[in-house]
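Input: a single structure, listed below in C-alpha cells.
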Amino acid sequence: MKKNTPINKKLYANIQSIIEASKNAVSRAVNTVMVKAYWEIGREIFEEEQKGKNRADYGAYIVESLSKQLTNDYGKGFSLTNLKQMRQFYVQFPIGQTLSGQLSWSHYLILSKIEDKKARQFYMKECANSKWSVRELERQVASLLFERLALSKNKK
C-alpha cells in the first residue's frame with residue numbers, strides 16, 4: 001500500500017459525519033442521565049427534609065452533612081450550593097416526565113430561578129423548540145420576553 005494514497009473525500013466526509021453525530025448523541029445521553037440523577041437527588045433531599053410536613057424542621061443540617069459526605073466520597077459537584085440547587089430543581093419541576101432531554105443542567109438552573117410557573121413553562125418550551133443555548137436563554141429571560149409577549153397579547 002502506498003503511503004500517500006489520496007483519501008476519497010466523500011468517504012472521509014461520511015465518516016466525519018458519523019463520528020460527529022455519535023459524539024453529539026453521547027453528549028445528549030450523558031446530559032439526560034445527569035439531569036435525571038440531579039432531579040432524583042433533589043427529590044430524595046426534599047422528601048427527607050419534609051417527612052410529610054409543609055415545612056422542613058432541620059433541612060439545612062441534612063443538606064450540609066450530605067454535602068460533606070458526598071464530596072468526600074465522590075469529589076466536587078456535591079457542594080452545599082449544588083445540593084440546594086438540585087432540591088430547588090425538584091421543587092420547581094416536581095413531575096420528572098415533563099423534563100426535556102434537550103435541555104442541560106445549566107438550562108434548568110436558569111429556569112429554576114423563574115418564580116412564575118407560566119413564565120418558566122414558556123421559557124422551557126421555547127428553549128427546547130428553538131434550541132436556545134444557555135446564553136440565549138439567559139438573554140431572553142433578562143429581556144423579559146415572556147412578559148413582553150403577554151403585554152402585546154393583552155393590547156390586542
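In the C-alpha cells, the first chain shown is A, the next is B, and so on; residue numbers restart at 1 for each chain, and ligands run from 1 in the order shown.
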Would you pick out the contacts of Leu66 of chain A at 12 Å or less, using only C-alpha atoms, so that residues sharing its chain but fewer than 6 positions from it are not included, and give the list as a VMD selection string?
chain A and resid 41 to 42 44 to 45 48 to 49 59 to 60 72 to 74 78 to 84
Quick one: residues within 12 Å of Glu136 of chain A, only C-alpha atoms counted, chain neighbours fewer than 4 positions away excluded, as a list in words?
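Final neighbour list, sorted by chain and number: Ser106, His107, Ile110, Tyr123, Glu126, Cys127, Ala128, Ser130, Lys131, Trp132, Gln140, Val141, Ala142, Ser143 and Leu145 of chain A.
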How would the residues just chosen look if you wrote them out with N, CA and C atoms as a tab-separated table (two decimals), in the first residue's frame?
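Writing the result to selection_39.tsv gives the following:
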chain	number	residue	atom	x	y	z
A	106	SER	N	-27.48	23.31	33.10
A	106	SER	CA	-27.33	24.77	33.14
A	106	SER	C	-28.63	25.47	32.73
A	107	HIS	N	-29.32	24.93	31.74
A	107	HIS	CA	-30.62	25.49	31.35
A	107	HIS	C	-31.58	25.42	32.55
A	110	ILE	N	-31.15	27.97	35.33
A	110	ILE	CA	-31.74	29.28	35.00
A	110	ILE	C	-33.26	29.21	35.14
A	123	TYR	N	-40.57	29.58	28.88
A	123	TYR	CA	-39.14	29.59	28.55
A	123	TYR	C	-38.62	28.18	28.31
A	126	GLU	N	-39.93	27.16	24.79
A	126	GLU	CA	-39.24	27.93	23.75
A	126	GLU	C	-37.77	27.51	23.62
A	127	CYS	N	-37.17	27.27	24.75
A	127	CYS	CA	-35.76	26.88	24.78
A	127	CYS	C	-35.57	25.54	24.05
A	128	ALA	N	-36.43	24.58	24.34
A	128	ALA	CA	-36.32	23.27	23.69
A	128	ALA	C	-36.67	23.36	22.20
A	130	SER	N	-36.69	25.99	20.16
A	130	SER	CA	-35.79	26.85	19.39
A	130	SER	C	-34.32	26.49	19.56
A	131	LYS	N	-34.07	25.48	20.39
A	131	LYS	CA	-32.70	25.02	20.65
A	131	LYS	C	-31.79	26.16	21.12
A	132	TRP	N	-32.30	26.93	22.10
A	132	TRP	CA	-31.53	28.04	22.65
A	132	TRP	C	-30.34	27.51	23.43
A	140	GLN	N	-32.89	35.92	26.84
A	140	GLN	CA	-34.33	36.04	26.68
A	140	GLN	C	-35.03	36.29	28.01
A	141	VAL	N	-34.58	35.63	29.05
A	141	VAL	CA	-35.16	35.85	30.39
A	141	VAL	C	-34.87	37.27	30.84
A	142	ALA	N	-33.63	37.72	30.66
A	142	ALA	CA	-33.25	39.08	31.07
A	142	ALA	C	-34.02	40.14	30.29
A	143	SER	N	-34.34	39.85	29.03
A	143	SER	CA	-35.08	40.82	28.21
A	143	SER	C	-36.58	40.75	28.45
A	145	LEU	N	-38.84	38.43	27.73
A	145	LEU	CA	-39.59	38.03	26.54
A	145	LEU	C	-41.00	37.60	26.89
With the cut-off set at 9 Å and counting only C-alpha atoms, tabulate each residue of segment 18-58 of chain A with an atom at most that distance from an atom of segment 91-100 of chain A, showing the nearest atom pair and its distance in Å to one decimal, ordered by chain and increasing number, as JSON lines.
{"residue": "A:Thr32", "atom": "CA", "partner": "A:Ser100", "partner_atom": "CA", "distance": 8.2}
{"residue": "A:Val35", "atom": "CA", "partner": "A:Leu99", "partner_atom": "CA", "distance": 8.6}
{"residue": "A:Lys36", "atom": "CA", "partner": "A:Gly96", "partner_atom": "CA", "distance": 7.7}
{"residue": "A:Trp39", "atom": "CA", "partner": "A:Gly96", "partner_atom": "CA", "distance": 7.3}
{"residue": "A:Glu40", "atom": "CA", "partner": "A:Gly96", "partner_atom": "CA", "distance": 8.5}
{"residue": "A:Gly42", "atom": "CA", "partner": "A:Val91", "partner_atom": "CA", "distance": 7.9}
{"residue": "A:Arg43", "atom": "CA", "partner": "A:Val91", "partner_atom": "CA", "distance": 7.9}
{"residue": "A:Phe46", "atom": "CA", "partner": "A:Val91", "partner_atom": "CA", "distance": 7.8}
Using only C-alpha atoms, what table do you get, as CSV, when you list each residue of segment 31-147 of chain A with an atom no more than 12 Å from segment 20-25 of chain A, its nearest pair of atoms, and their distance in Å rounded to one decimal, rows by chain then rising number?
residue,atom,partner,partner_atom,distance
A:Asn31,CA,A:Ala25,CA,9.8
A:Thr32,CA,A:Ala25,CA,10.5
A:Gly101,CA,A:Ala25,CA,11.3
A:Gln102,CA,A:Ala25,CA,11.0
What would the file look like if the residues just selected were written as a CSV table (one decimal), in the first residue's frame with C-alpha atoms?
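Below is the file selection-v5.csv, written as the result:
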chain,number,residue,atom,x,y,z
A,31,ASN,CA,-26.8,15.1,29.9
A,32,THR,CA,-30.2,13.4,30.1
A,101,GLY,CA,-33.9,15.8,27.3
A,102,GLN,CA,-32.9,18.7,25.1
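Each of A:Gln69, A:Ile15, A:Met86, A:Ile62 was checked against Ala37 of chain A using only C-alpha atoms; the smallest atom-to-atom distance is that of A:Met86.
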Let me make sure I understand: among A:Leu149, A:Trp105, A:Asn8, A:Phe122, which one has the smallest atom-to-atom distance to Arg28 of chain A if we use only C-alpha atoms?
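Closest to Arg28 of chain A, using only C-alpha atoms: A:Trp105.
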For a test of reading the model, state the distance in Å between atom CA of Glu147 of chain A and atom CA of Lys125 of chain A, rounded to one decimal.
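These two atoms are separated by 15.2 Å.
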